[in-house]
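Notes follow once the structure below has been shown.
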Amino acid sequence: MAGAAARRCLAGFPAEARELSLAESVPYLESPLSPLEFHREWVCPNRPCIIHNAFDHWPALKKWTLPYLREVMGSKAVSVAVTPNGYADAVYQDRFVMPEERHMPFSSFLDIVEKKVTSPGVFYVQKQCSNLTEEFPELLGDVEPDIPWMSETLGKKPDAVNFWLGESGAVTSLHKDHYENLYCVISGEKHFLLHPPSDRPLIPYEFYLPATYHISENGSFKVVDKEAVDKVPWIPVDPLNPDLKRYPEYAQAKPLHCIVKAGEMLYLPSLWFHHVQQSHGCIAVNYWYDMEYDLKYSYYQLLDSLSEAVKLV
Ligand SMILES: O=C(O)CCC(=O)C(=O)O
């Protein structure tokens, strides 16, 4: 009985929350706001927006062509995520499969992106460990080490600054992070599909054994289990082709779609679910600021536990 009541509350919650505080699309700002205004209007209400004129002064906007990157970085070895299907860190059959992490000269990676050579798989520079500072320090001078107004808004520096460059087939599967994310597209465009954290009751999680793709001599990929590791929770729905027979509640989850173009910055608030696609050779840099572990975070944790406890999906 109590379970049925809890299930009803949770089933109605996403639509109520959306009506109260969310627009039908991601709003645009003409320019960044003051730190106080940005905190009041966007960070505190946990609402995404796309900001124009936020990094016009970065040399990267003019300089970062593929030939320039080749000249500056070509001889360096970098980490590249390689998958057979473009899905790194995603559910494949009954596993959570991570990409093969290949160390290769950046110029060999560019040869693949520029289609000068072919190689089996889909290639994506996407290592999320502050790879801009760790692996591409030569490029740091073309951007900024942080976004000054965001550092002031949040009273901290970013935990990570990441560099993203990949093929059009590379897809980032639906997930969320505990970061306030400022995502800056330098060239090309990124397609984001977003769900607010309040959609959690409609978004399923399952537990999967972790595995990694390995390429064989003949160019075919195999899935190799990680040894002696616990199962990990991940979202099994592909929002582009959701299995609504198995996860019918997901049909009620209404994603927001937005395209972030060169020169635009997306503010992606903490705990928002996101699925990302891109134009071929799109270049981006993003800043991950750790979220505040405040009451909002605790409420989300409660929503998460309740959603698991009554499992709408
Ligand atoms: O650009 C991408 O492919 C993924 C970005 C992402 O997941 C993030 O910034 O948290």
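Following the order of the structure tokens, first chain is A, next is B, and so on, with residues numbered from 1 inside each chain and ligands from 1 in the order they appear.
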Region 178-180 of chain A surroundings by only C-alpha atoms, 12 Å radius, close-in-sequence under 4 positions cut, as a count of residues only: 40
Expected selection as a list in words for ligand 1 within 8 Å, only C-alpha atoms and all ligand atoms: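 Every residue with an atom at most 8 Å from ligand 1 is listed here: Gln126, Trp164, Ala170, Val171, Thr172, Ser173, His175, Lys176, Asp177, Tyr179, Asn181, Leu182, Tyr183, Lys190, His274, His275, Val276, Gln277, Gln278, Ala284, Asn286, Tyr287 and Trp288 of chain A.
Using only C-alpha atoms, the nearest neighbour of Pro204 (chain A) within the list A:Ala5, A:Ala15, A:Pro236, A:Leu244 is A:Pro236.
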Gap from CA of Tyr92 (chain A) to CA of Ile235 (chain A) - Å, one decimal: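 Atom-to-atom, CA of Tyr92 (chain A) to CA of Ile235 (chain A), that is 11.1 Å.
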Helix (DSSP H, G or I) call set, DSSP backbone run, region 160-296 of chain A, as JSON, numbers by chain: {"A": [197, 198, 199, 200, 201, 202, 248, 249, 250, 251, 252, 295, 296]}
Please produce a file of those selected residues containing C-alpha atoms, as a PDB file, in the first residue's frame.
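Everything below was put into selection.pdb:
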ATOM      1  CA  PRO A 197      17.855  15.423 -12.141  1.00  0.00           C
ATOM      2  CA  SER A 198      14.126  15.414 -11.337  1.00  0.00           C
ATOM      3  CA  ASP A 199      13.633  12.900 -14.189  1.00  0.00           C
ATOM      4  CA  ARG A 200      15.509  10.302 -12.117  1.00  0.00           C
ATOM      5  CA  PRO A 201      12.389   8.200 -11.329  1.00  0.00           C
ATOM      6  CA  LEU A 202      11.925   7.683 -15.093  1.00  0.00           C
ATOM      7  CA  PRO A 248       8.182   2.049 -20.546  1.00  0.00           C
ATOM      8  CA  GLU A 249       8.489   4.871 -17.953  1.00  0.00           C
ATOM      9  CA  TYR A 250      11.269   6.464 -19.984  1.00  0.00           C
ATOM     10  CA  ALA A 251       8.597   7.545 -22.494  1.00  0.00           C
ATOM     11  CA  GLN A 252       7.436  10.120 -19.902  1.00  0.00           C
ATOM     12  CA  LEU A 295      20.811  20.110   0.782  1.00  0.00           C
ATOM     13  CA  LYS A 296      20.026  19.967  -2.977  1.00  0.00           C
TER      14      LYS A 296
END
As a JSON list (two decimals) with C-alpha atoms, in the first residue's frame, please: the residues near His57 (chain A) (cut-off 10 Å, only C-alpha atoms, same-chain neighbours under 3 positions excluded).
[["chain", "number", "residue", "atom", "x", "y", "z"],
["A", 53, "ASN", "CA", 30.51, 36.05, -25.99],
["A", 54, "ALA", "CA", 31.98, 34.13, -23.07],
["A", 60, "ALA", "CA", 42.04, 29.11, -29.55],
["A", 61, "LEU", "CA", 38.94, 30.30, -31.42],
["A", 62, "LYS", "CA", 41.06, 31.52, -34.33],
["A", 142, "ASP", "CA", 45.32, 29.51, -26.13],
["A", 143, "VAL", "CA", 42.50, 29.18, -23.56],
["A", 144, "GLU", "CA", 42.29, 30.00, -19.84]]
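Across the structure, CA of Met73 (chain A) and CA of His52 (chain A) are spaced 28.6 Å apart.
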Nearby residues (only C-alpha atoms) at most 9 Å from Leu66 (chain A), same-chain spacing under 2 positions excluded, as a count of residues only: 8
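Going from CA of Pro196 (chain A) over to CA of Ala6 (chain A), you cover 20.3 Å.
If only C-alpha atoms are the atoms counted, then among A:Asp238, A:Ile50, A:Leu10, A:Glu152 the closest residue to Asp304 (chain A) is A:Leu10.
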Distance criterion (only C-alpha atoms): nearest to Trp58 (chain A) out of A:Glu217, A:Leu302, A:Cys184, A:Glu308: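 Selected residue with least distance to Trp58 (chain A): A:Cys184.
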Taking the DSSP assignment computed from this structure's backbone, write out as an mmCIF file with C-alpha atoms, in the first residue's frame all residues of region 107-281 of chain A that belong to strand (DSSP E or B).
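Just written: part.cif:
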data_model
loop_
_atom_site.group_PDB
_atom_site.id
_atom_site.type_symbol
_atom_site.label_atom_id
_atom_site.label_comp_id
_atom_site.auth_asym_id
_atom_site.auth_seq_id
_atom_site.Cartn_x
_atom_site.Cartn_y
_atom_site.Cartn_z
ATOM 1 C CA VAL A 122 35.819 5.093 -33.804
ATOM 2 C CA PHE A 123 38.441 7.412 -32.272
ATOM 3 C CA TYR A 124 37.833 10.068 -29.629
ATOM 4 C CA VAL A 125 40.213 12.139 -27.489
ATOM 5 C CA ALA A 160 39.504 19.369 -14.279
ATOM 6 C CA VAL A 161 39.932 21.059 -17.651
ATOM 7 C CA ASN A 162 39.270 18.592 -20.470
ATOM 8 C CA PHE A 163 40.035 18.636 -24.192
ATOM 9 C CA TRP A 164 37.651 16.834 -26.586
ATOM 10 C CA LEU A 165 38.244 16.049 -30.250
ATOM 11 C CA GLY A 166 36.787 13.142 -32.136
ATOM 12 C CA VAL A 171 28.784 9.210 -28.750
ATOM 13 C CA THR A 172 28.789 9.860 -25.022
ATOM 14 C CA SER A 173 26.120 7.700 -23.423
ATOM 15 C CA LEU A 174 23.507 9.069 -21.025
ATOM 16 C CA HIS A 175 25.018 9.774 -17.587
ATOM 17 C CA TYR A 179 30.189 18.827 -11.565
ATOM 18 C CA GLU A 180 29.050 22.279 -12.546
ATOM 19 C CA ASN A 181 30.145 22.029 -16.154
ATOM 20 C CA LEU A 182 31.092 24.908 -18.484
ATOM 21 C CA TYR A 183 31.359 23.347 -21.929
ATOM 22 C CA CYS A 184 33.029 25.528 -24.596
ATOM 23 C CA VAL A 185 32.857 24.549 -28.260
ATOM 24 C CA ILE A 186 35.848 25.842 -30.205
ATOM 25 C CA SER A 187 34.961 24.470 -33.637
ATOM 26 C CA GLU A 189 29.095 21.625 -32.913
ATOM 27 C CA LYS A 190 27.949 19.401 -30.091
ATOM 28 C CA HIS A 191 24.443 17.993 -29.747
ATOM 29 C CA PHE A 192 23.325 17.615 -26.163
ATOM 30 C CA LEU A 193 20.267 15.711 -25.014
ATOM 31 C CA LEU A 194 19.497 16.680 -21.429
ATOM 32 C CA HIS A 195 17.300 15.457 -18.588
ATOM 33 C CA GLU A 206 21.017 -1.588 -13.847
ATOM 34 C CA PHE A 207 24.187 -3.226 -12.523
ATOM 35 C CA TYR A 208 26.767 -4.470 -15.027
ATOM 36 C CA LEU A 209 30.086 -6.266 -14.969
ATOM 37 C CA PRO A 210 32.764 -3.855 -16.215
ATOM 38 C CA ALA A 211 34.717 -4.778 -19.339
ATOM 39 C CA THR A 212 37.029 -3.141 -21.877
ATOM 40 C CA TYR A 213 37.257 -3.284 -25.663
ATOM 41 C CA HIS A 214 40.468 -4.788 -27.039
ATOM 42 C CA ILE A 215 41.358 -4.811 -30.684
ATOM 43 C CA PHE A 221 37.133 -5.937 -31.318
ATOM 44 C CA LYS A 222 36.579 -8.232 -28.370
ATOM 45 C CA VAL A 223 35.061 -7.438 -25.003
ATOM 46 C CA VAL A 224 37.372 -8.428 -22.153
ATOM 47 C CA ASP A 225 36.017 -8.600 -18.602
ATOM 48 C CA VAL A 232 28.755 -0.882 -11.708
ATOM 49 C CA PRO A 233 25.417 0.909 -12.010
ATOM 50 C CA TRP A 234 24.760 2.415 -15.452
ATOM 51 C CA LEU A 256 15.724 18.987 -23.776
ATOM 52 C CA HIS A 257 17.805 19.115 -26.947
ATOM 53 C CA CYS A 258 20.344 21.781 -27.691
ATOM 54 C CA ILE A 259 23.115 22.354 -30.181
ATOM 55 C CA VAL A 260 26.171 24.169 -28.883
ATOM 56 C CA LYS A 261 28.003 25.860 -31.740
ATOM 57 C CA MET A 265 29.447 27.930 -23.897
ATOM 58 C CA LEU A 266 26.905 25.572 -22.333
ATOM 59 C CA TYR A 267 26.374 25.786 -18.600
ATOM 60 C CA LEU A 268 25.419 22.197 -17.740
ATOM 61 C CA PHE A 273 21.750 13.646 -17.268
ATOM 62 C CA HIS A 274 23.410 14.211 -20.626
ATOM 63 C CA HIS A 275 23.951 12.322 -23.866
ATOM 64 C CA VAL A 276 26.315 13.917 -26.371
ATOM 65 C CA GLN A 277 26.986 13.695 -30.106
ATOM 66 C CA GLN A 278 29.155 15.866 -32.310
#
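Of the residues listed (A:Pro32, A:Pro255, A:Pro105, A:Gly188), A:Pro105 shows the shortest atom-to-atom separation from Val78 (chain A); distances use only C-alpha atoms.
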Counting only C-alpha atoms, the residue of A:Lys254, A:Lys226, A:Lys127, A:Arg18 that sits nearest Ala88 (chain A): A:Lys127
From A:Leu240, A:Phe96, A:Arg7, A:Cys49, residue lying nearest Ser25 (chain A) [only C-alpha atoms]: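 Comparing A:Leu240, A:Phe96, A:Arg7, A:Cys49 against Ser25 (chain A), the winner is A:Cys49.
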